[in-house]
$ cat my_file-v9.cif   # mmCIF, C-alpha atoms
data_my_file
#
loop_
_atom_site.label_atom_id
_atom_site.label_comp_id
_atom_site.auth_asym_id
_atom_site.auth_seq_id
_atom_site.Cartn_x
_atom_site.Cartn_y
_atom_site.Cartn_z
CA MET A 1047 -23.01 -21.16 23.65
CA ILE A 1048 -26.21 -20.57 21.66
CA PHE A 1049 -27.21 -17.75 23.98
CA GLY A 1050 -23.78 -16.14 23.71
CA LEU A 1051 -23.87 -16.08 19.92
CA SER A 1052 -27.38 -14.73 19.67
CA ALA A 1053 -26.65 -12.05 22.24
CA CYS A 1054 -24.18 -10.36 19.89
CA GLY A 1055 -26.98 -8.33 18.40
CA LYS A 1056 -28.51 -7.12 21.66
CA LYS A 1057 -28.68 -3.31 21.96
CA GLU A 1058 -27.92 -1.41 25.12
CA GLN A 1059 -30.76 0.57 26.61
CA GLU A 1060 -28.73 3.74 27.04
CA VAL A 1061 -25.58 4.99 25.33
CA PRO A 1062 -23.62 7.87 26.89
CA VAL A 1063 -23.54 10.86 24.57
CA GLU A 1064 -21.37 13.27 26.49
CA GLU A 1065 -18.07 11.40 25.94
CA GLU A 1066 -16.01 11.83 22.78
CA GLY A 1067 -14.51 9.00 20.77
CA PHE A 1068 -15.80 5.48 20.35
CA LYS A 1069 -18.93 4.63 22.32
CA PRO A 1070 -20.20 1.04 22.45
CA ALA A 1071 -23.53 0.49 20.73
CA LEU A 1072 -24.09 -3.10 21.90
CA ASP A 1073 -24.32 -4.84 25.24
CA THR A 1074 -20.74 -4.75 26.57
CA SER A 1075 -21.25 -7.95 28.55
CA VAL A 1076 -21.78 -10.03 25.39
CA ASN A 1077 -19.72 -13.21 25.17
CA CYS A 1078 -18.91 -14.30 21.58
CA HIS A 1079 -16.12 -15.09 19.12
CA ILE A 1080 -15.03 -12.97 16.12
CA SER A 1081 -12.61 -14.45 13.59
CA VAL A 1082 -10.57 -12.41 11.13
CA ALA A 1083 -8.89 -14.12 8.17
CA GLY A 1084 -5.99 -12.91 6.07
CA GLY A 1085 -2.74 -13.86 4.43
CA TYR A 1086 -0.25 -12.37 6.90
CA SER A 1087 1.88 -14.84 8.85
CA ASN A 1088 1.38 -12.68 11.90
CA PHE A 1089 -0.59 -9.56 12.55
CA GLU A 1090 0.52 -8.08 15.84
CA ALA A 1091 -0.80 -4.64 14.93
CA LEU A 1092 -4.32 -6.02 14.54
CA GLU A 1093 -4.01 -8.04 17.72
CA THR A 1094 -3.17 -4.80 19.53
CA GLU A 1095 -6.47 -3.44 18.20
CA PHE A 1096 -8.18 -6.57 19.53
CA ASP A 1097 -6.83 -5.70 22.97
CA ARG A 1098 -8.05 -2.12 22.66
CA PHE A 1099 -11.50 -3.30 21.59
CA ASN A 1100 -11.62 -5.65 24.58
CA GLU A 1101 -11.43 -2.63 26.85
CA TYR A 1102 -15.01 -1.97 25.70
CA TYR A 1103 -16.10 -5.57 25.12
CA PRO A 1104 -14.04 -7.74 27.52
CA ASN A 1105 -15.92 -10.96 26.75
CA VAL A 1106 -15.55 -10.86 22.97
CA GLU A 1107 -12.79 -13.17 21.77
CA LEU A 1108 -11.13 -11.93 18.56
CA VAL A 1109 -8.72 -14.17 16.65
CA PHE A 1110 -6.70 -13.66 13.48
CA THR A 1111 -6.15 -16.72 11.27
CA LYS A 1112 -3.67 -16.97 8.40
CA ILE A 1113 -4.91 -18.76 5.29
CA ASP A 1114 -2.33 -20.19 2.89
CA ASP A 1115 -2.67 -19.27 -0.78
CA TYR A 1116 -5.10 -16.66 0.44
CA SER A 1117 -6.36 -15.16 -2.83
CA ASN A 1118 -7.25 -18.55 -4.27
CA MET A 1119 -8.60 -20.06 -1.04
CA ILE A 1120 -10.68 -17.30 0.56
CA GLY A 1121 -13.72 -18.04 -1.64
CA THR A 1122 -13.68 -21.68 -0.57
CA VAL A 1123 -13.24 -20.72 3.07
CA LEU A 1124 -16.16 -18.28 2.92
CA ASN A 1125 -18.39 -21.06 1.58
CA GLY A 1126 -17.33 -23.47 4.32
CA ASN A 1127 -18.58 -24.15 7.84
CA ASP A 1128 -15.82 -22.12 9.53
CA ALA A 1129 -16.18 -18.95 7.49
CA PRO A 1130 -14.57 -15.87 9.11
CA ASP A 1131 -16.60 -12.92 10.35
CA ILE A 1132 -14.16 -10.40 8.88
CA TYR A 1133 -11.71 -11.08 6.08
CA VAL A 1134 -9.10 -9.39 3.92
CA ASN A 1135 -10.26 -8.42 0.45
CA ASN A 1136 -8.57 -6.83 -2.55
CA SER A 1137 -9.77 -4.26 -5.06
CA TRP A 1138 -8.29 -6.23 -7.94
CA MET A 1139 -10.66 -9.10 -7.16
CA TYR A 1140 -13.67 -6.93 -7.99
CA GLY A 1141 -15.12 -7.76 -11.39
CA ARG A 1142 -13.15 -11.02 -11.80
CA GLU A 1143 -15.28 -14.15 -11.98
CA GLN A 1144 -12.79 -16.36 -10.12
CA TYR A 1145 -13.00 -14.06 -7.08
CA LYS A 1146 -16.75 -13.43 -7.23
CA SER A 1147 -17.37 -15.28 -3.97
CA SER A 1148 -15.02 -12.97 -2.08
CA ILE A 1149 -17.03 -9.97 -3.25
CA ASP A 1150 -20.48 -11.56 -2.98
CA HIS A 1151 -20.01 -12.50 0.67
CA ALA A 1152 -19.09 -8.94 1.63
CA GLU A 1153 -21.51 -6.68 3.42
CA ASN A 1154 -22.06 -3.18 2.01
CA LEU A 1155 -19.93 -1.09 4.34
CA ALA A 1156 -21.27 2.12 2.81
CA ASP A 1157 -24.63 1.47 4.51
CA PRO A 1158 -25.20 4.55 6.74
CA ALA A 1159 -26.77 2.31 9.38
CA LEU A 1160 -23.31 0.84 10.09
CA ASP A 1161 -22.00 4.29 11.07
CA LEU A 1162 -18.45 3.74 9.80
CA ASP A 1163 -16.35 6.91 9.69
CA LEU A 1164 -15.44 6.54 6.01
CA ASP A 1165 -14.74 10.28 5.76
CA CYS A 1166 -11.48 9.79 7.66
CA ILE A 1167 -10.10 7.73 4.74
CA ARG A 1168 -8.62 9.27 1.59
CA SER A 1169 -11.41 8.94 -0.94
CA ASN A 1170 -9.12 8.00 -3.84
CA ILE A 1171 -8.24 4.63 -2.28
CA ILE A 1172 -11.84 3.62 -1.63
CA LEU A 1173 -13.10 1.15 -4.22
CA ASN A 1174 -15.56 2.58 -6.73
CA THR A 1175 -18.13 -0.09 -7.63
CA ASP A 1176 -20.73 -0.09 -10.37
CA ASP A 1177 -23.66 0.00 -7.94
CA GLY A 1178 -22.15 2.33 -5.36
CA SER A 1179 -21.81 -0.36 -2.70
CA LEU A 1180 -18.61 -0.77 -0.69
CA PRO A 1181 -17.59 -4.40 -0.19
CA MET A 1182 -14.28 -3.52 1.45
CA VAL A 1183 -12.61 -0.65 3.27
CA PRO A 1184 -8.85 0.14 3.38
CA VAL A 1185 -7.08 -0.33 6.70
CA PHE A 1186 -3.58 0.19 5.25
CA SER A 1187 -2.38 1.90 2.10
CA ASN A 1188 0.76 1.61 0.01
CA THR A 1189 2.94 3.79 -2.18
CA TYR A 1190 6.26 3.85 -4.02
CA GLY A 1191 9.20 6.03 -3.10
CA MET A 1192 12.72 6.04 -1.71
CA LEU A 1193 14.16 5.55 1.73
CA ILE A 1194 16.27 8.58 2.63
CA ASN A 1195 19.37 8.40 4.83
CA ASN A 1196 18.83 11.72 6.57
CA ASP A 1197 22.25 11.65 8.21
CA LEU A 1198 24.06 11.43 4.87
CA PHE A 1199 22.10 14.37 3.49
CA GLU A 1200 22.92 16.38 6.59
CA LYS A 1201 26.58 15.32 6.52
CA GLU A 1202 27.00 16.39 2.89
CA GLY A 1203 24.95 19.57 3.26
CA LEU A 1204 22.27 18.50 0.77
CA ASN A 1205 18.48 18.77 0.77
CA ILE A 1206 15.99 16.05 -0.08
CA PRO A 1207 15.05 16.70 -3.74
CA THR A 1208 11.52 17.75 -4.61
CA THR A 1209 11.82 18.14 -8.42
CA TYR A 1210 13.53 16.09 -11.10
CA GLN A 1211 16.29 18.63 -11.67
CA GLU A 1212 16.97 18.75 -7.93
CA LEU A 1213 17.18 14.95 -7.96
CA VAL A 1214 19.75 15.00 -10.76
CA ASP A 1215 21.74 17.74 -9.03
CA VAL A 1216 21.71 15.90 -5.69
CA CYS A 1217 22.85 12.67 -7.34
CA LYS A 1218 25.67 14.51 -9.09
CA ALA A 1219 26.74 16.09 -5.81
CA PHE A 1220 26.77 12.70 -4.07
CA ARG A 1221 28.79 11.14 -6.91
CA GLU A 1222 31.34 13.93 -6.66
CA LYS A 1223 31.62 13.17 -2.94
CA GLY A 1224 32.45 9.52 -3.68
CA TYR A 1225 29.05 7.79 -3.59
CA GLU A 1226 29.10 5.38 -6.54
CA SER A 1227 25.31 4.92 -6.71
CA PRO A 1228 23.41 7.79 -5.05
CA ILE A 1229 20.19 5.85 -5.66
CA MET A 1230 19.92 2.09 -5.35
CA GLY A 1231 17.15 -0.47 -5.58
CA PHE A 1232 16.30 -4.05 -6.47
CA SER A 1233 16.82 -4.58 -10.20
CA ASN A 1234 17.05 -8.33 -10.81
CA GLU A 1235 13.39 -9.11 -11.47
CA GLU A 1236 10.39 -7.22 -12.79
CA THR A 1237 8.33 -7.43 -9.59
CA THR A 1238 8.52 -4.05 -7.85
CA SER A 1239 11.87 -3.38 -9.49
CA LEU A 1240 13.55 -0.01 -9.06
CA PHE A 1241 12.39 0.82 -12.59
CA THR A 1242 8.71 0.32 -11.73
CA VAL A 1243 8.99 1.97 -8.31
CA THR A 1244 10.71 4.99 -9.84
CA ILE A 1245 8.50 5.67 -12.85
CA TYR A 1246 5.07 4.13 -12.22
CA PRO A 1247 3.71 7.21 -10.36
CA TYR A 1248 4.84 9.37 -13.30
CA PHE A 1249 3.20 6.98 -15.76
CA CYS A 1250 -0.09 7.14 -13.85
CA ALA A 1251 0.05 10.93 -13.95
CA THR A 1252 0.52 10.95 -17.74
CA VAL A 1253 -2.67 8.92 -18.32
CA ALA A 1254 -4.77 10.14 -15.39
CA ASP A 1255 -6.93 12.43 -17.52
CA ASP A 1256 -6.95 10.35 -20.69
CA ALA A 1257 -9.95 8.03 -20.56
CA GLU A 1258 -9.37 6.85 -24.12
CA GLY A 1259 -5.76 6.00 -23.35
CA VAL A 1260 -6.74 4.06 -20.23
CA LYS A 1261 -9.34 2.16 -22.26
CA LYS A 1262 -6.72 1.11 -24.81
CA LEU A 1263 -4.25 0.17 -22.09
CA ASN A 1264 -6.83 -1.93 -20.23
CA SER A 1265 -7.96 -3.76 -23.37
CA LEU A 1266 -4.29 -4.55 -24.12
CA ASP A 1267 -4.77 -2.90 -27.50
CA PRO A 1268 -1.34 -2.71 -29.19
CA ALA A 1269 -2.10 0.96 -29.80
CA GLY A 1270 -2.02 1.40 -26.03
CA GLY A 1271 1.74 1.05 -26.12
CA GLU A 1272 2.10 4.66 -27.24
CA TYR A 1273 0.78 5.81 -23.87
CA MET A 1274 3.85 4.32 -22.17
CA LYS A 1275 6.27 6.38 -24.24
CA PRO A 1276 6.66 9.44 -21.95
CA ALA A 1277 7.38 7.24 -18.93
CA LEU A 1278 9.79 4.97 -20.83
CA GLU A 1279 11.67 7.98 -22.16
CA LYS A 1280 11.85 9.41 -18.65
CA ILE A 1281 13.31 6.25 -17.12
CA VAL A 1282 16.01 6.20 -19.82
CA GLN A 1283 16.79 9.84 -19.06
CA PHE A 1284 16.94 9.02 -15.35
CA LEU A 1285 19.47 6.24 -15.97
CA ASN A 1286 21.51 8.36 -18.39
CA ASP A 1287 21.66 11.18 -15.86
CA GLY A 1288 23.79 8.93 -13.65
CA CYS A 1289 21.42 8.60 -10.71
CA VAL A 1290 21.82 4.82 -10.47
CA ASN A 1291 24.69 2.36 -10.85
CA LEU A 1292 22.92 -0.78 -12.07
CA ASP A 1293 25.97 -2.96 -11.48
CA LYS A 1294 25.84 -2.09 -7.79
CA CYS A 1295 22.08 -2.64 -7.68
CA ALA A 1296 22.40 -6.08 -9.28
CA LYS A 1297 24.00 -7.36 -6.06
CA ILE A 1298 20.75 -6.83 -4.10
CA GLU A 1299 19.06 -10.25 -3.95
CA ASN A 1300 15.41 -9.35 -3.28
CA ASN A 1301 13.09 -6.37 -2.98
CA TYR A 1302 12.46 -6.73 0.75
CA GLU A 1303 14.97 -7.81 3.37
CA ALA A 1304 17.99 -7.49 1.09
CA VAL A 1305 16.95 -3.95 0.15
CA ILE A 1306 16.55 -2.99 3.80
CA LEU A 1307 19.84 -4.50 4.95
CA ARG A 1308 21.73 -2.92 2.05
CA PHE A 1309 20.26 0.45 2.96
CA PHE A 1310 21.28 -0.09 6.58
CA GLU A 1311 24.92 -0.39 5.52
CA GLY A 1312 24.79 3.38 5.77
CA ASP A 1313 26.45 4.39 2.50
CA VAL A 1314 23.30 4.62 0.34
CA PRO A 1315 21.72 8.09 0.27
CA MET A 1316 18.48 6.92 -1.41
CA MET A 1317 16.98 3.43 -1.80
CA THR A 1318 13.91 2.86 -3.97
CA CYS A 1319 11.21 0.55 -2.60
CA SER A 1320 7.54 0.26 -1.77
CA GLY A 1321 5.78 1.02 1.48
CA ASP A 1322 5.58 -2.73 2.07
CA THR A 1323 9.37 -2.82 2.24
CA VAL A 1324 9.49 0.20 4.52
CA SER A 1325 7.18 -1.63 6.92
CA GLY A 1326 9.97 -4.14 7.54
CA THR A 1327 12.66 -1.64 8.47
CA LYS A 1328 12.02 -1.28 12.19
CA LYS A 1329 12.28 -5.00 12.91
CA ARG A 1330 15.48 -5.28 10.88
CA GLU A 1331 17.39 -2.50 12.59
CA SER A 1332 18.51 -5.04 15.18
CA ARG A 1333 19.51 -7.55 12.46
CA SER A 1334 21.98 -5.22 10.79
CA GLU A 1335 25.40 -5.12 12.41
CA ALA A 1336 26.22 -2.02 10.39
CA PHE A 1337 23.11 -0.21 11.63
CA ILE A 1338 23.71 -1.27 15.23
CA ALA A 1339 27.25 0.07 15.02
CA ASN A 1340 26.26 3.30 13.26
CA PRO A 1341 22.53 4.00 13.52
CA PHE A 1342 21.01 6.81 11.49
CA THR A 1343 17.63 8.43 10.98
CA TYR A 1344 15.66 7.71 7.85
CA THR A 1345 12.44 8.75 6.18
CA PHE A 1346 10.48 7.72 3.10
CA ALA A 1347 10.02 10.23 0.30
CA PRO A 1348 8.33 10.30 -3.12
CA ILE A 1349 10.72 10.13 -6.08
CA PRO A 1350 10.48 13.44 -7.98
CA MET A 1351 10.45 12.47 -11.65
CA SER A 1352 8.68 15.63 -12.80
CA ASP A 1353 9.97 19.20 -12.96
CA GLU A 1354 6.69 20.24 -11.30
CA GLY A 1355 7.38 18.01 -8.31
CA ALA A 1356 6.94 14.48 -7.08
CA TYR A 1357 3.76 12.45 -7.45
CA PHE A 1358 2.19 10.61 -4.55
CA LEU A 1359 1.10 7.21 -5.84
CA ASP A 1360 -1.77 6.35 -3.50
CA MET A 1361 -2.89 2.71 -3.45
CA PRO A 1362 -4.87 0.58 -0.98
CA ASN A 1363 -2.73 -2.07 0.66
CA LEU A 1364 -4.95 -4.15 2.93
CA GLN A 1365 -8.73 -3.97 2.97
CA PHE A 1366 -11.26 -5.53 5.31
CA SER A 1367 -14.66 -6.95 4.43
CA VAL A 1368 -17.39 -8.14 6.77
CA ASN A 1369 -18.97 -11.49 5.97
CA LYS A 1370 -22.65 -10.64 5.58
CA ASP A 1371 -23.52 -14.22 6.57
CA SER A 1372 -21.62 -14.00 9.86
CA ALA A 1373 -23.42 -15.48 12.84
CA ASN A 1374 -22.01 -12.54 14.82
CA LEU A 1375 -22.76 -9.84 12.26
CA ASP A 1376 -23.63 -7.08 14.72
CA MET A 1377 -20.42 -7.53 16.70
CA ALA A 1378 -18.31 -7.83 13.55
CA ASN A 1379 -19.77 -4.52 12.40
CA GLU A 1380 -19.18 -3.06 15.84
CA PHE A 1381 -15.48 -3.94 15.64
CA MET A 1382 -15.29 -2.32 12.20
CA ARG A 1383 -16.99 0.81 13.58
CA PHE A 1384 -14.37 0.84 16.34
CA LEU A 1385 -11.49 0.36 13.90
CA ILE A 1386 -12.47 2.73 11.08
CA ASN A 1387 -11.50 6.10 12.49
CA SER A 1388 -8.33 8.15 12.33
CA GLU A 1389 -7.07 7.27 15.81
CA GLU A 1390 -7.28 3.48 15.47
CA LEU A 1391 -6.21 3.30 11.82
CA ASN A 1392 -3.21 5.53 12.48
CA GLU A 1393 -2.31 3.49 15.55
CA MET A 1394 -2.45 0.24 13.63
CA ALA A 1395 -0.49 1.66 10.68
CA GLN A 1396 2.17 2.97 13.05
CA ASN A 1397 2.49 -0.43 14.70
CA LYS A 1398 2.62 -2.27 11.36
CA GLY A 1399 4.94 0.28 9.76
CA LEU A 1400 2.67 0.78 6.75
CA VAL A 1401 1.08 3.92 5.32
CA SER A 1402 -2.15 4.91 7.04
CA PRO A 1403 -5.22 5.24 4.78
CA THR A 1404 -6.33 8.35 6.68
CA LYS A 1405 -6.19 11.92 5.44
CA ASP A 1406 -3.51 13.03 7.90
CA LEU A 1407 -0.05 11.48 7.51
CA SER A 1408 1.79 14.01 9.67
CA PHE A 1409 1.62 11.75 12.73
CA ASN A 1410 4.26 9.39 11.25
CA ASP A 1411 7.70 10.90 10.70
CA VAL A 1412 8.66 8.17 8.23
CA TYR A 1413 5.77 8.90 5.83
CA ALA A 1414 5.11 12.57 6.63
CA LEU A 1415 6.67 13.84 3.39
CA PHE A 1416 3.91 12.17 1.38
CA GLY A 1417 1.38 14.24 3.28
CA ASN A 1418 3.01 17.37 1.85
CA ILE A 1419 2.20 16.41 -1.74
CA PRO A 1420 -0.78 18.45 -3.00
CA GLU A 1421 -3.92 16.72 -4.19
CA SER A 1422 -3.16 17.86 -7.74
CA ARG A 1423 -0.10 15.57 -7.76
CA THR A 1424 -1.72 12.64 -5.98
CA VAL A 1425 -2.48 9.81 -8.38
CA SER A 1426 -4.43 6.65 -7.68
CA PRO A 1427 -4.85 3.63 -9.97
CA GLU A 1428 -8.21 3.10 -8.21
CA VAL A 1429 -9.48 6.42 -9.53
CA ILE A 1430 -7.77 6.31 -12.91
CA GLY A 1431 -9.08 2.80 -13.51
CA ILE A 1432 -5.87 1.16 -14.71
CA SER A 1433 -6.31 -2.63 -14.74
CA ASP A 1434 -3.85 -5.09 -13.25
CA ASP A 1435 -3.24 -6.54 -16.70
CA ALA A 1436 -2.23 -3.11 -18.01
CA VAL A 1437 0.04 -2.55 -15.02
CA GLU A 1438 1.73 -5.90 -15.67
CA GLN A 1439 2.40 -4.91 -19.28
CA PHE A 1440 3.88 -1.61 -18.15
CA ARG A 1441 6.11 -3.33 -15.58
CA GLN A 1442 7.45 -5.69 -18.23
CA ALA A 1443 8.06 -2.78 -20.59
CA VAL A 1444 9.89 -0.55 -18.13
CA PHE A 1445 11.95 -3.48 -16.82
CA GLY A 1446 13.00 -4.43 -20.34
CA VAL A 1447 13.85 -0.86 -21.28
CA GLY A 1448 15.59 -0.20 -17.96
CA THR A 1449 17.79 -3.28 -18.21
CA GLY A 1450 18.47 -2.73 -21.91
CA SER A 1451 16.87 -5.97 -23.06
CA MET A 1452 14.50 -4.04 -25.32
CA THR A 1453 14.28 -0.60 -26.83
CA ILE A 1454 11.51 1.88 -26.21
CA GLU A 1455 10.20 1.21 -29.70
CA GLU A 1456 10.15 -2.56 -29.12
CA ALA A 1457 8.33 -2.17 -25.82
CA ILE A 1458 5.70 0.05 -27.40
CA ALA A 1459 5.23 -2.19 -30.43
CA ASN A 1460 4.79 -5.31 -28.29
CA TYR A 1461 2.30 -3.87 -25.80
CA GLY A 1462 -0.33 -6.46 -24.99
CA SER A 1463 1.98 -9.41 -25.56
CA LEU A 1464 4.86 -8.58 -23.22
CA VAL A 1465 5.68 -11.54 -20.98
CA GLN A 1466 8.19 -12.11 -18.23
#
$ encode --input "my_file-v9.cif" --output "structure tokens"
Amino acid sequence: MIFGLSACGKKEQEVPVEEEGFKPALDTSVNCHISVAGGYSNFEALETEFDRFNEYYPNVELVFTKIDDYSNMIGTVLNGNDAPDIYVNNSWMYGREQYKSSIDHAENLADPALDLDLDCIRSNIILNTDDGSLPMVPVFSNTYGMLINNDLFEKEGLNIPTTYQELVDVCKAFREKGYESPIMGFSNEETTSLFTVTIYPYFCATVADDAEGVKKLNSLDPAGGEYMKPALEKIVQFLNDGCVNLDKCAKIENNYEAVILRFFEGDVPMMTCSGDTVSGTKKRESRSEAFIANPFTYTFAPIPMSDEGAYFLDMPNLQFSVNKDSANLDMANEFMRFLINSEELNEMAQNKGLVSPTKDLSFNDVYALFGNIPESRTVSPEVIGISDDAVEQFRQAVFGVGTGSMTIEEAIANYGSLVQ
């Protein structure tokens, strides 16, 4: 046992250089155990990567463990006797005292000696730290958009909209053809409501180049409320233009399974949701009697709220850190070196149904439309520097304005003190 653990750092004498792709850098006969901790109930996509890694290192046992109340418990787990070798981390933990342990235990993955192919990942979703270190690296990303029923668009002779005016025109055309709510989405609670999903990318774009505005928003300065005004006005315009029937949307019970199953009824041209929701579609095709009876093709598209075109809201979804105190540090780093490249990350994203963090999204038909958005219309909260507290205030504001429980003026005036 002791020999097996210590052997994880043993280097091979010779490494083939003529072959392309991943090449083992350690002794492939090593026998040791690598644990990965996260909050998912199951992680089949990662376990598939375990199997692929075992083709190079057949005697390395890799295990994923779910931790309940993950965000609050991971610090305690890392300080315990059974600390994982690799663990899920989150950008929003950085700089917060209560999550300091989760950051402090992380190895600097930007160290060139680790040889991680970080260039394959979109730079705007990589965490920018004060000292230039990289405590975590994205393995999935997320975005907001709308599921598109391609068959309905083809049936009605319509094209997927790419500008706001096209969106309005398409919705009008669908209404005239008898579709009561051309766009639907979850609207009963603030969390990832159709209002946030629809307008948050636009909001980020309006403040992307305004450092002073972001500073006021992040400090919850009441004056920061004015920076929400363009987005709040746009969501009101969107609702007034007849794109959504809120009475129909109110019947959707949650922003995940209920959204998917309602979309699978087959009479909804566009359904707003996040990439997290999209990841659940494949498994639920077989749970929808309507979809089984009348299957259709679908894709995920950005919602075009600007006349210039849609914005691609690019956010990290799941990020991995390596425990710098791991007893099997070399092998944990070796697995990360194996995983962090376009082929493996795309494979895992495809299996999980989430957005890949890599620069090329064309490999996945569901998300390919996001890859067509130019860099000039790609916005990332990571780069802009919008805090979670500011985002929460915006979500409350747009939900209140969207549902009619507050006016635009009230939302702006109460910025910093908006509560659910």
$ atom_distance --input "my_file-v9.cif" --atom1 "atom CA of A:Val1260" --atom2 "atom CA of A:Met1192"
26.9 Å
$ residues_around --input "my_file-v9.cif" --residues "A:Ser1422" --least-positions-apart "2" --cutoff "12 Å" --atoms "all atoms listed in the file" --output "VMD selection string"
chain A and resid 1251 1254 to 1255 1354 to 1359 1418 to 1420 1424 to 1426
$ resolve_selection --input "my_file-v9.cif" --expression "the PyMOL selection byres ((chain A and resi 1104) around 12)" --output "short mmCIF file (atom, residue, chain, number, x, y, z; two decimals) with C-alpha atoms, keeping the file's coordinate frame"
data_model
loop_
_atom_site.label_atom_id
_atom_site.label_comp_id
_atom_site.auth_asym_id
_atom_site.auth_seq_id
_atom_site.Cartn_x
_atom_site.Cartn_y
_atom_site.Cartn_z
CA PRO A 1070 -20.20 1.04 22.45
CA ASP A 1073 -24.32 -4.84 25.24
CA THR A 1074 -20.74 -4.75 26.57
CA SER A 1075 -21.25 -7.95 28.55
CA VAL A 1076 -21.78 -10.03 25.39
CA ASN A 1077 -19.72 -13.21 25.17
CA CYS A 1078 -18.91 -14.30 21.58
CA HIS A 1079 -16.12 -15.09 19.12
CA PHE A 1096 -8.18 -6.57 19.53
CA ASP A 1097 -6.83 -5.70 22.97
CA ARG A 1098 -8.05 -2.12 22.66
CA PHE A 1099 -11.50 -3.30 21.59
CA ASN A 1100 -11.62 -5.65 24.58
CA GLU A 1101 -11.43 -2.63 26.85
CA TYR A 1102 -15.01 -1.97 25.70
CA TYR A 1103 -16.10 -5.57 25.12
CA ASN A 1105 -15.92 -10.96 26.75
CA VAL A 1106 -15.55 -10.86 22.97
CA GLU A 1107 -12.79 -13.17 21.77
CA LEU A 1108 -11.13 -11.93 18.56
#
$ atom_distance --input "my_file-v9.cif" --atom1 "atom CA of A:Phe1346" --atom2 "atom CA of A:Tyr1413"
5.6 Å
$ resolve_selection --input "my_file-v9.cif" --expression "the PyMOL selection byres ((chain A and resi 1281) around 8)" --output "compact mmCIF listing (two decimals) with C-alpha atoms, in the coordinates of the input"
# COMPACT_ATOMS: atom_id res chain seq x y z
CA PHE A 1241 12.39 0.82 -12.59
CA THR A 1244 10.71 4.99 -9.84
CA ILE A 1245 8.50 5.67 -12.85
CA ALA A 1277 7.38 7.24 -18.93
CA LEU A 1278 9.79 4.97 -20.83
CA GLU A 1279 11.67 7.98 -22.16
CA LYS A 1280 11.85 9.41 -18.65
CA VAL A 1282 16.01 6.20 -19.82
CA GLN A 1283 16.79 9.84 -19.06
CA PHE A 1284 16.94 9.02 -15.35
CA LEU A 1285 19.47 6.24 -15.97
CA VAL A 1444 9.89 -0.55 -18.13
CA GLY A 1448 15.59 -0.20 -17.96
$ residues_around --input "my_file-v9.cif" --residues "A:Gly1326" --least-positions-apart "2" --cutoff "12 Å" --atoms "only C-alpha atoms" --output "list in words"
Asn1301, Tyr1302, Glu1303, Ala1304, Val1305, Ile1306, Leu1307, Cys1319, Ser1320, Gly1321, Asp1322, Thr1323, Val1324, Lys1328, Lys1329, Arg1330, Glu1331, Ser1332, Arg1333, Gln1396, Asn1397, Lys1398, Gly1399 and Leu1400 of chain A
$ residues_near_point --input "my_file-v9.cif" --point "(-3.8, -3.5, -25.5)" --cutoff "10 Å" --atoms "all atoms listed in the file" --output "VMD selection string"
chain A and resid 1259 to 1271 1435 to 1436 1439 1460 to 1463
$ closest_residue --input "my_file-v9.cif" --among "A:Leu1407, A:Met1230, A:Val1368, A:Ile1113" --to "A:Pro1181" --atoms "all atoms listed in the file"
A:Val1368
$ resolve_selection --input "my_file-v9.cif" --expression "the PyMOL selection byres ((chain A and resi 1310) around 10)" --output "mmCIF file with C-alpha atoms, in the frame of the given file"
data_model
loop_
_atom_site.group_PDB
_atom_site.id
_atom_site.type_symbol
_atom_site.label_atom_id
_atom_site.label_comp_id
_atom_site.auth_asym_id
_atom_site.auth_seq_id
_atom_site.Cartn_x
_atom_site.Cartn_y
_atom_site.Cartn_z
ATOM 1 C CA ASN A 1195 19.370 8.400 4.830
ATOM 2 C CA ALA A 1304 17.990 -7.490 1.090
ATOM 3 C CA VAL A 1305 16.950 -3.950 0.150
ATOM 4 C CA ILE A 1306 16.550 -2.990 3.800
ATOM 5 C CA LEU A 1307 19.840 -4.500 4.950
ATOM 6 C CA ARG A 1308 21.730 -2.920 2.050
ATOM 7 C CA PHE A 1309 20.260 0.450 2.960
ATOM 8 C CA GLU A 1311 24.920 -0.390 5.520
ATOM 9 C CA GLY A 1312 24.790 3.380 5.770
ATOM 10 C CA ASP A 1313 26.450 4.390 2.500
ATOM 11 C CA VAL A 1314 23.300 4.620 0.340
ATOM 12 C CA THR A 1327 12.660 -1.640 8.470
ATOM 13 C CA ARG A 1330 15.480 -5.280 10.880
ATOM 14 C CA GLU A 1331 17.390 -2.500 12.590
ATOM 15 C CA ARG A 1333 19.510 -7.550 12.460
ATOM 16 C CA SER A 1334 21.980 -5.220 10.790
ATOM 17 C CA GLU A 1335 25.400 -5.120 12.410
ATOM 18 C CA ALA A 1336 26.220 -2.020 10.390
ATOM 19 C CA PHE A 1337 23.110 -0.210 11.630
ATOM 20 C CA ILE A 1338 23.710 -1.270 15.230
ATOM 21 C CA ASN A 1340 26.260 3.300 13.260
ATOM 22 C CA PRO A 1341 22.530 4.000 13.520
ATOM 23 C CA PHE A 1342 21.010 6.810 11.490
ATOM 24 C CA TYR A 1344 15.660 7.710 7.850
#
$ closest_residue --input "my_file-v9.cif" --among "A:Asp1360, A:Asp1115, A:Glu1272, A:Glu1212" --to "A:Tyr1246" --atoms "all atoms listed in the file"
A:Asp1360
$ closest_residue --input "my_file-v9.cif" --among "A:Ile1149, A:Val1412, A:Met1274, A:Ala1159" --to "A:Glu1455" --atoms "only C-alpha atoms"
A:Met1274
$ atom_distance --input "my_file-v9.cif" --atom1 "atom CA of A:Tyr1273" --atom2 "atom CA of A:Ile1454"
11.7 Å
$ closest_residue --input "my_file-v9.cif" --among "A:Pro1315, A:Gly1084, A:Gly1446, A:Pro1403" --to "A:Asn1205" --atoms "only C-alpha atoms"
A:Pro1315
